[in-house]
Amino acid sequence: MLVRLLYASRASETLTAEVIDHILAASRKGNPALGITGLLCHSGDIFMQVLEGGRDAVSQLYNNISQDPRHRDVVLLQYEEITERRFAGWTMGQVNLARVNPSILLKYSERPVLDPYAVSGKVSMALLEELIATASIVSRPC
């Protein structure tokens with residue numbers, strides 16, 4: 001059974017480009033064997049990530065993330081059974097919102113910043129859908 005899970009977290013330490021690159025490299029290396037695809041969106045110290053795959057694999061990965069000391073304020077935004085993947089093209093795509101037109105963020109929130117803690121999971125997923133539609137994803141495909 002396929003599921004889609006969307007969560008938000010804050011980094012426990014300062015995020016650098018090297019830290020993000022390491023996270024993405026580890027995801028892109030490990031996710032294919034687990035059958036997990038998805039997208040990592042980040043801005044400042046905030047992460048928002050969608051994971052798709054088998055229920056057990058996605059749930060285990062989320063549990064690992066929620067217990068990882070590099071994350072704090074981990075919150076589940078949305079979890080659903082799905083019939084097909086929306087993020088199948090990425091072992092782990094990336095969106096750096098510092099490079100996205102602020103009007104896209106403003107469309108989905110009160111201010112032009114990423115704050116998944118202030119909006120619903122449905123709104124956060126709609127933002128990710130628009131980022132896909134506007135080709136804002138920066139990464140190597142699967």
# chains A, B, ... in the order shown; residues from 1 in each chain; ligands from 1
>>> residues_around(residues="Val113 (chain A)", least_positions_apart="6", cutoff="10 Å", atoms="only C-alpha atoms", output="JSON, numbers by chain")
{"A": [43, 44, 97, 98, 102, 103, 104, 105, 106]}
>>> atom_distance(atom1="CA of Thr83 (chain A)", atom2="CA of Tyr117 (chain A)")
27.1 Å
>>> residues_around(residues="Met48 (chain A)", least_positions_apart="4", cutoff="6 Å", atoms="only C-alpha atoms", output="list in words")
Tyr7, Ala8 and Cys41 of chain A
>>> write_last_selection(atoms="N, CA and C atoms", output="PDB file, in the first residue's frame")
ATOM      1  N   TYR A   7       5.665  16.296   6.525  1.00  0.00           N
ATOM      2  CA  TYR A   7       5.988  16.769   7.870  1.00  0.00           C
ATOM      3  C   TYR A   7       6.809  18.041   7.792  1.00  0.00           C
ATOM      4  N   ALA A   8       6.895  18.728   8.921  1.00  0.00           N
ATOM      5  CA  ALA A   8       7.755  19.901   9.053  1.00  0.00           C
ATOM      6  C   ALA A   8       8.631  19.696  10.278  1.00  0.00           C
ATOM      7  N   CYS A  41      11.880  20.589   1.058  1.00  0.00           N
ATOM      8  CA  CYS A  41      11.749  22.019   0.892  1.00  0.00           C
ATOM      9  C   CYS A  41      12.346  22.658   2.146  1.00  0.00           C
TER      10      CYS A  41
END
>>> closest_residue(among="A:Ile23, A:Ala11, A:Met125, A:Leu39", to="Tyr79 (chain A)", atoms="only C-alpha atoms")
A:Met125
>>> residues_around(residues="Ala88 (chain A)", least_positions_apart="4", cutoff="9 Å", atoms="only C-alpha atoms", output="MDAnalysis selection string")
chainID A and resid 36:38 52 84 142
>>> closest_residue(among="A:Gly53, A:Ser120, A:Gly93, A:Glu110", to="Ala25 (chain A)", atoms="only C-alpha atoms")
A:Gly93
>>> select_by_dssp(residues="chain A", states="helix (DSSP H, G or I)", output="PyMOL selection string")
chain A and resi 17-34+55-67+97-99+102-108+121-133
>>> write_last_selection(atoms="C-alpha atoms", output="PDB file, in the first residue's frame")
ATOM      1  CA  ALA A  17      24.766  24.334   1.932  1.00  0.00           C
ATOM      2  CA  GLU A  18      27.085  21.458   2.881  1.00  0.00           C
ATOM      3  CA  VAL A  19      24.599  20.135   5.473  1.00  0.00           C
ATOM      4  CA  ILE A  20      21.754  20.250   2.937  1.00  0.00           C
ATOM      5  CA  ASP A  21      23.921  18.546   0.319  1.00  0.00           C
ATOM      6  CA  HIS A  22      24.797  15.789   2.814  1.00  0.00           C
ATOM      7  CA  ILE A  23      21.124  15.219   3.691  1.00  0.00           C
ATOM      8  CA  LEU A  24      20.158  15.038   0.033  1.00  0.00           C
ATOM      9  CA  ALA A  25      23.061  12.736  -0.866  1.00  0.00           C
ATOM     10  CA  ALA A  26      22.136  10.344   1.955  1.00  0.00           C
ATOM     11  CA  SER A  27      18.473  10.389   0.891  1.00  0.00           C
ATOM     12  CA  ARG A  28      19.274   9.836  -2.761  1.00  0.00           C
ATOM     13  CA  LYS A  29      21.531   6.933  -1.855  1.00  0.00           C
ATOM     14  CA  GLY A  30      19.223   5.170   0.627  1.00  0.00           C
ATOM     15  CA  ASN A  31      15.738   5.934  -0.630  1.00  0.00           C
ATOM     16  CA  PRO A  32      15.746   3.854  -3.834  1.00  0.00           C
ATOM     17  CA  ALA A  33      16.340   0.616  -1.911  1.00  0.00           C
ATOM     18  CA  LEU A  34      13.431   1.525   0.379  1.00  0.00           C
ATOM     19  CA  ARG A  55       3.439   2.339   4.443  1.00  0.00           C
ATOM     20  CA  ASP A  56       6.021   0.499   6.539  1.00  0.00           C
ATOM     21  CA  ALA A  57       9.049   2.118   4.875  1.00  0.00           C
ATOM     22  CA  VAL A  58       7.617   5.654   5.055  1.00  0.00           C
ATOM     23  CA  SER A  59       6.471   5.215   8.661  1.00  0.00           C
ATOM     24  CA  GLN A  60       9.878   3.884   9.716  1.00  0.00           C
ATOM     25  CA  LEU A  61      11.714   6.730   8.008  1.00  0.00           C
ATOM     26  CA  TYR A  62       9.425   9.300   9.629  1.00  0.00           C
ATOM     27  CA  ASN A  63       9.966   7.690  13.038  1.00  0.00           C
ATOM     28  CA  ASN A  64      13.735   7.873  12.500  1.00  0.00           C
ATOM     29  CA  ILE A  65      13.505  11.539  11.509  1.00  0.00           C
ATOM     30  CA  SER A  66      11.285  12.423  14.470  1.00  0.00           C
ATOM     31  CA  GLN A  67      13.851  10.894  16.856  1.00  0.00           C
ATOM     32  CA  LEU A  97      12.840  28.732  -1.134  1.00  0.00           C
ATOM     33  CA  ALA A  98      15.470  31.458  -1.100  1.00  0.00           C
ATOM     34  CA  ARG A  99      15.460  31.021  -4.879  1.00  0.00           C
ATOM     35  CA  PRO A 102       8.088  35.254  -2.923  1.00  0.00           C
ATOM     36  CA  SER A 103       4.693  35.713  -4.591  1.00  0.00           C
ATOM     37  CA  ILE A 104       4.312  31.921  -4.721  1.00  0.00           C
ATOM     38  CA  LEU A 105       4.761  31.712  -0.949  1.00  0.00           C
ATOM     39  CA  LEU A 106       2.457  34.676  -0.379  1.00  0.00           C
ATOM     40  CA  LYS A 107      -0.261  32.922  -2.350  1.00  0.00           C
ATOM     41  CA  TYR A 108      -0.424  30.246   0.372  1.00  0.00           C
ATOM     42  CA  GLY A 121      -1.152  20.308   5.684  1.00  0.00           C
ATOM     43  CA  LYS A 122      -3.505  20.714   2.732  1.00  0.00           C
ATOM     44  CA  VAL A 123      -2.170  24.234   2.078  1.00  0.00           C
ATOM     45  CA  SER A 124       1.433  23.035   2.423  1.00  0.00           C
ATOM     46  CA  MET A 125       0.794  20.264  -0.109  1.00  0.00           C
ATOM     47  CA  ALA A 126      -0.808  22.773  -2.492  1.00  0.00           C
ATOM     48  CA  LEU A 127       2.369  24.868  -2.262  1.00  0.00           C
ATOM     49  CA  LEU A 128       4.478  21.835  -3.152  1.00  0.00           C
ATOM     50  CA  GLU A 129       2.185  21.055  -6.084  1.00  0.00           C
ATOM     51  CA  GLU A 130       2.671  24.600  -7.390  1.00  0.00           C
ATOM     52  CA  LEU A 131       6.431  24.331  -6.974  1.00  0.00           C
ATOM     53  CA  ILE A 132       6.317  21.222  -9.174  1.00  0.00           C
ATOM     54  CA  ALA A 133       4.118  22.990 -11.733  1.00  0.00           C
TER      55      ALA A 133
END
>>> select_by_dssp(residues="region 4-69 of chain A", states="strand (DSSP E)", output="PyMOL selection string")
chain A and resi 4-11+37-43+46-54
>>> write_last_selection(atoms="C-alpha atoms", output="PDB file, in the first residue's frame")
ATOM      1  CA  ARG A   4       2.211  10.028   1.274  1.00  0.00           C
ATOM      2  CA  LEU A   5       3.482  11.700   4.420  1.00  0.00           C
ATOM      3  CA  LEU A   6       4.187  15.415   4.822  1.00  0.00           C
ATOM      4  CA  TYR A   7       5.988  16.769   7.870  1.00  0.00           C
ATOM      5  CA  ALA A   8       7.755  19.901   9.053  1.00  0.00           C
ATOM      6  CA  SER A   9      10.691  20.308  11.396  1.00  0.00           C
ATOM      7  CA  ARG A  10      13.259  22.837  12.501  1.00  0.00           C
ATOM      8  CA  ALA A  11      16.977  22.208  12.312  1.00  0.00           C
ATOM      9  CA  THR A  37      10.483   9.133  -3.310  1.00  0.00           C
ATOM     10  CA  GLY A  38       9.799  12.695  -2.275  1.00  0.00           C
ATOM     11  CA  LEU A  39      10.741  16.301  -1.974  1.00  0.00           C
ATOM     12  CA  LEU A  40      12.645  18.360   0.596  1.00  0.00           C
ATOM     13  CA  CYS A  41      11.749  22.019   0.892  1.00  0.00           C
ATOM     14  CA  HIS A  42      13.812  24.281   3.150  1.00  0.00           C
ATOM     15  CA  SER A  43      14.114  27.896   4.154  1.00  0.00           C
ATOM     16  CA  ILE A  46      12.690  25.058   8.564  1.00  0.00           C
ATOM     17  CA  PHE A  47      12.320  21.807   6.663  1.00  0.00           C
ATOM     18  CA  MET A  48       9.163  20.607   5.001  1.00  0.00           C
ATOM     19  CA  GLN A  49       9.405  17.190   3.430  1.00  0.00           C
ATOM     20  CA  VAL A  50       7.030  14.900   1.621  1.00  0.00           C
ATOM     21  CA  LEU A  51       7.772  11.169   1.540  1.00  0.00           C
ATOM     22  CA  GLU A  52       6.023   8.614  -0.663  1.00  0.00           C
ATOM     23  CA  GLY A  53       6.326   4.863  -0.674  1.00  0.00           C
ATOM     24  CA  GLY A  54       5.170   1.746   1.126  1.00  0.00           C
TER      25      GLY A  54
END
